[in-house]
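Chemist: My structure is below; once you've seen it, I'll send some questions.
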Amino acid sequence: MAVGWFGELTVVKDLSMREPYVGRCELVSGEIAEDFARYFTVSEQTPSLVYLGVRMDAQSGTVLSSGGLLLQPLPGCPEEHIELAMARVESIKNLSTLLENGRTLQEALHEVLDGLNIEVTETTMPRFLCDCSRERLERVLISLGKEELEDLIEKDKGATLTCHFCNTAYSFDEAELKALLEESLRKDDDAEV
Ligand SMILES: [Zn+2]
């Protein structure tokens, strides 16, 4: 991963619709939290408070703790609640320190958002997961069409496709490509009927 300030922040969301939602925003600061806050405000039109913090051991370079907070108002949120949240900004900056000192995430949240009467309605565990599959990439290959597939078979004797989201590489050998070519030809025939 690289951090910089020149370029664009692109967010792709799979909302189980036909096309994924894609939001873009120019990077302005290079501070990840600031750029995310700007993305939510500009691209998704949701004013947001974003905090990201990490505590490192300067000697060994190991991460002691890290924490992040994204605070967004729901529609109809009273102005004074937003002001209350804004007033807690300085305290929110202590989140990763509190975690480093052994507080659980919920304890730390109650502490930094003191006065906001927070109530936990749901907890989820984020994980790095991609729903790509060999079958999905087979469909991508089929959608390339007859010429492209024949080209891959004759010139490259195979193909390797890499998922844009998780970087998993899927390799197809010549025989597999030939089977996909046959499938694409069958589909063309069906389409003509
Ligand atoms: Zn993937």
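To be explicit about the labels: the chains of the structure tokens are called A, B, and onward in the order shown, and within each one the residues are counted from 1, while ligands get numbers from 1 in the order they are shown.
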Just list as a VMD selection string whatever in region 100-177 of chain A DSSP marks as alpha helix (DSSP H).
Modeler: chain A and resid 100 105 to 112 134 to 144 146 to 151 174 to 177
Chemist: Using the selection just defined, write its residues with C-alpha atoms as a PDB file, in the first residue's frame.
Modeler:
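Result saved to selection_22.pdb:
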```
ATOM      1  CA  GLU A 100      -3.297   0.821  23.666  1.00  0.00           C
ATOM      2  CA  LEU A 105     -13.413  -0.749  21.643  1.00  0.00           C
ATOM      3  CA  GLN A 106     -16.799  -0.136  23.274  1.00  0.00           C
ATOM      4  CA  GLU A 107     -15.279   1.264  26.461  1.00  0.00           C
ATOM      5  CA  ALA A 108     -13.066   3.565  24.407  1.00  0.00           C
ATOM      6  CA  LEU A 109     -16.046   4.727  22.328  1.00  0.00           C
ATOM      7  CA  HIS A 110     -18.125   5.542  25.413  1.00  0.00           C
ATOM      8  CA  GLU A 111     -15.196   7.508  26.718  1.00  0.00           C
ATOM      9  CA  VAL A 112     -14.394   9.580  23.618  1.00  0.00           C
ATOM     10  CA  ARG A 134     -12.996 -19.051 -11.048  1.00  0.00           C
ATOM     11  CA  GLU A 135     -16.535 -19.324 -12.473  1.00  0.00           C
ATOM     12  CA  ARG A 136     -16.892 -15.542 -12.536  1.00  0.00           C
ATOM     13  CA  LEU A 137     -13.623 -15.144 -14.440  1.00  0.00           C
ATOM     14  CA  GLU A 138     -14.634 -17.914 -16.813  1.00  0.00           C
ATOM     15  CA  ARG A 139     -17.642 -15.764 -17.694  1.00  0.00           C
ATOM     16  CA  VAL A 140     -15.330 -12.780 -18.228  1.00  0.00           C
ATOM     17  CA  LEU A 141     -13.243 -14.858 -20.646  1.00  0.00           C
ATOM     18  CA  ILE A 142     -16.347 -16.065 -22.490  1.00  0.00           C
ATOM     19  CA  SER A 143     -17.576 -12.482 -22.798  1.00  0.00           C
ATOM     20  CA  LEU A 144     -14.346 -11.558 -24.624  1.00  0.00           C
ATOM     21  CA  LYS A 146     -14.479 -15.752 -30.268  1.00  0.00           C
ATOM     22  CA  GLU A 147     -11.570 -13.752 -31.759  1.00  0.00           C
ATOM     23  CA  GLU A 148     -10.030 -12.729 -28.467  1.00  0.00           C
ATOM     24  CA  LEU A 149     -10.294 -16.269 -27.107  1.00  0.00           C
ATOM     25  CA  GLU A 150      -8.757 -17.775 -30.245  1.00  0.00           C
ATOM     26  CA  ASP A 151      -5.959 -15.235 -29.954  1.00  0.00           C
ATOM     27  CA  GLU A 174      -4.972 -24.034 -23.391  1.00  0.00           C
ATOM     28  CA  ALA A 175      -7.471 -26.883 -22.932  1.00  0.00           C
ATOM     29  CA  GLU A 176      -9.573 -24.852 -20.521  1.00  0.00           C
ATOM     30  CA  LEU A 177      -9.617 -21.893 -22.907  1.00  0.00           C
TER      31      LEU A 177
END
```
Chemist: For chain A versus ligand 1, which residues have an atom no more than 8 Å away, and what is each residue's nearest atom pair and distance in Å rounded to one decimal, using only C-alpha atoms and all ligand atoms, chain-then-number order, as CSV?
Modeler:
```
residue,atom,partner,partner_atom_place_in_ligand_line,distance
A:Leu129,CA,ligand 1,1 (Zn),7.8
A:Cys130,CA,ligand 1,1 (Zn),4.6
A:Asp131,CA,ligand 1,1 (Zn),6.0
A:Cys132,CA,ligand 1,1 (Zn),4.3
A:Ser133,CA,ligand 1,1 (Zn),7.2
A:Thr162,CA,ligand 1,1 (Zn),7.9
A:Cys163,CA,ligand 1,1 (Zn),4.6
A:His164,CA,ligand 1,1 (Zn),6.6
A:Phe165,CA,ligand 1,1 (Zn),5.0
A:Cys166,CA,ligand 1,1 (Zn),4.1
A:Asn167,CA,ligand 1,1 (Zn),6.1
A:Thr168,CA,ligand 1,1 (Zn),5.7
```
Chemist: Counting only C-alpha atoms, what is within 12 Å of Arg55 (chain A), bar same-chain residues fewer than 3 positions away, as a ChimeraX atom specification?
Modeler: /A:52,58,61-68,93-101
Chemist: Just the residues within 7 Å of Lys157 (chain A), please, counting only C-alpha atoms, with nothing from its chain fewer than 4 positions along; format it as a ChimeraX atom specification.
Modeler: /A:152-153,173-174
Chemist: Filtering to N, CA and C atoms, could you give me those residues as a JSON list (two decimals), in the first residue's frame?
Modeler:
```json
[["chain", "number", "residue", "atom", "x", "y", "z"],
["A", 152, "LEU", "N", -5.89, -15.79, -27.61],
["A", 152, "LEU", "CA", -5.25, -16.25, -26.37],
["A", 152, "LEU", "C", -4.77, -17.68, -26.50],
["A", 153, "ILE", "N", -5.57, -18.52, -27.17],
["A", 153, "ILE", "CA", -5.22, -19.93, -27.32],
["A", 153, "ILE", "C", -4.00, -20.07, -28.23],
["A", 173, "ASP", "N", -5.36, -22.89, -18.68],
["A", 173, "ASP", "CA", -4.46, -23.44, -19.70],
["A", 173, "ASP", "C", -5.20, -23.55, -21.04],
["A", 174, "GLU", "N", -4.45, -24.01, -22.03],
["A", 174, "GLU", "CA", -4.97, -24.03, -23.39],
["A", 174, "GLU", "C", -6.28, -24.84, -23.49]]
```
